[in-house]
Amino acid sequence: MEVVVGPVQASSVRAFVSYARGVLAGAEGPGAAVPSDAARDYDEYLVQWEELAASGGEVTWVAETDPEVMEYLVYAFYRLAKDLLDESDQPRLIPDDAVAFYVLLVGAVLDALTEQGGSQAEFAAHLREFWPSEMEIP
């Protein structure tokens, strides 16, 4: 399955990577509850995005991934986002400068799962409807 995120400003990618690293590095809280295999995969993506953003300007990230693996990762990401918001008194935790990449990333992953059809499309539709944020996920 192909996931395409962008074009988006490299500065938004850098801001999201910085935010995500901070969440995942926490010894306590929702970031600590992310399964170790998912955290490892997230870290690999963070490295890719950081390298991509180093070029500056507008960037587009394209990845080929196994649909079942992405379904697992996006569900863990969804749970993390939900847990973070449940513990907060704010409607959004993503820094303003990271929002563009975050929204495109979530939308692109859900679109790619939708294109797979069947249960993965139903799963993506459910997550899109209930994604924990006041932001509109395209």
# chains A, B, ... in the order shown; residues from 1 in each chain; ligands from 1
>>> select_by_dssp(residues="chain A", states="strand (DSSP E)", output="JSON, numbers by chain")
{"A": [2, 3, 4, 5, 6, 7, 8, 9, 58, 59, 60, 61, 62, 63, 64]}
>>> residues_around(residues="Ala38 in chain A", least_positions_apart="4", cutoff="12 Å", atoms="only C-alpha atoms", output="count of residues only")
21
>>> select_by_dssp(residues="chain A", states="alpha helix (DSSP H)", output="PyMOL selection string")
chain A and resi 10-25+36-53+67-86+99-116+118-130
>>> residues_around(residues="Val4 in chain A", least_positions_apart="3", cutoff="12 Å", atoms="only C-alpha atoms", output="PyMOL selection string")
chain A and resi 1+7-8+59-65+101+104-113
>>> decode(residues="range 16-69 of chain A", atoms="C-alpha atoms", output="PDB file, in the first residue's frame")
ATOM      1  CA  PHE A  16       5.778  17.303  14.288  1.00  0.00           C
ATOM      2  CA  VAL A  17       8.909  15.146  14.643  1.00  0.00           C
ATOM      3  CA  SER A  18      10.037  17.229  17.614  1.00  0.00           C
ATOM      4  CA  TYR A  19       6.621  16.993  19.261  1.00  0.00           C
ATOM      5  CA  ALA A  20       6.299  13.229  18.619  1.00  0.00           C
ATOM      6  CA  ARG A  21       9.765  12.492  19.970  1.00  0.00           C
ATOM      7  CA  GLY A  22       8.879  14.338  23.177  1.00  0.00           C
ATOM      8  CA  VAL A  23       5.657  12.349  23.602  1.00  0.00           C
ATOM      9  CA  LEU A  24       7.289   8.996  22.917  1.00  0.00           C
ATOM     10  CA  ALA A  25      10.292   9.722  25.145  1.00  0.00           C
ATOM     11  CA  GLY A  26       8.172  10.214  28.264  1.00  0.00           C
ATOM     12  CA  ALA A  27       8.837   7.609  30.939  1.00  0.00           C
ATOM     13  CA  GLU A  28       5.272   8.071  32.168  1.00  0.00           C
ATOM     14  CA  GLY A  29       1.999   8.980  30.537  1.00  0.00           C
ATOM     15  CA  PRO A  30       0.393   7.827  27.294  1.00  0.00           C
ATOM     16  CA  GLY A  31       3.641   7.730  25.308  1.00  0.00           C
ATOM     17  CA  ALA A  32       5.004   5.100  27.673  1.00  0.00           C
ATOM     18  CA  ALA A  33       1.987   2.889  26.951  1.00  0.00           C
ATOM     19  CA  VAL A  34       2.753   2.576  23.226  1.00  0.00           C
ATOM     20  CA  PRO A  35       3.695  -1.051  22.457  1.00  0.00           C
ATOM     21  CA  SER A  36       7.456  -1.396  21.973  1.00  0.00           C
ATOM     22  CA  ASP A  37       7.158  -2.669  18.398  1.00  0.00           C
ATOM     23  CA  ALA A  38       4.936   0.266  17.440  1.00  0.00           C
ATOM     24  CA  ALA A  39       7.286   2.715  19.187  1.00  0.00           C
ATOM     25  CA  ARG A  40      10.211   1.241  17.241  1.00  0.00           C
ATOM     26  CA  ASP A  41       8.338   1.619  13.944  1.00  0.00           C
ATOM     27  CA  TYR A  42       7.273   5.172  14.854  1.00  0.00           C
ATOM     28  CA  ASP A  43      10.883   6.016  15.555  1.00  0.00           C
ATOM     29  CA  GLU A  44      11.908   4.708  12.129  1.00  0.00           C
ATOM     30  CA  TYR A  45       9.287   6.958  10.521  1.00  0.00           C
ATOM     31  CA  LEU A  46      10.441   9.912  12.620  1.00  0.00           C
ATOM     32  CA  VAL A  47      13.987   9.407  11.322  1.00  0.00           C
ATOM     33  CA  GLN A  48      12.697   9.317   7.732  1.00  0.00           C
ATOM     34  CA  TRP A  49      10.632  12.468   8.230  1.00  0.00           C
ATOM     35  CA  GLU A  50      13.501  14.276   9.930  1.00  0.00           C
ATOM     36  CA  GLU A  51      15.808  13.456   7.005  1.00  0.00           C
ATOM     37  CA  LEU A  52      13.150  14.533   4.502  1.00  0.00           C
ATOM     38  CA  ALA A  53      12.568  17.832   6.304  1.00  0.00           C
ATOM     39  CA  ALA A  54      16.293  18.629   6.273  1.00  0.00           C
ATOM     40  CA  SER A  55      15.971  19.566   2.604  1.00  0.00           C
ATOM     41  CA  GLY A  56      13.733  22.524   3.504  1.00  0.00           C
ATOM     42  CA  GLY A  57      10.960  24.066   1.420  1.00  0.00           C
ATOM     43  CA  GLU A  58       8.030  21.885   0.463  1.00  0.00           C
ATOM     44  CA  VAL A  59       8.421  18.140   0.839  1.00  0.00           C
ATOM     45  CA  THR A  60       6.393  15.047   0.052  1.00  0.00           C
ATOM     46  CA  TRP A  61       6.820  11.744   1.860  1.00  0.00           C
ATOM     47  CA  VAL A  62       5.992   8.563  -0.046  1.00  0.00           C
ATOM     48  CA  ALA A  63       6.152   5.117   1.525  1.00  0.00           C
ATOM     49  CA  GLU A  64       5.222   1.577   0.590  1.00  0.00           C
ATOM     50  CA  THR A  65       3.957  -0.354   3.575  1.00  0.00           C
ATOM     51  CA  ASP A  66       2.069  -3.500   4.450  1.00  0.00           C
ATOM     52  CA  PRO A  67      -1.616  -2.630   5.008  1.00  0.00           C
ATOM     53  CA  GLU A  68      -1.925  -4.855   8.081  1.00  0.00           C
ATOM     54  CA  VAL A  69       1.137  -3.300   9.692  1.00  0.00           C
TER      55      VAL A  69
END
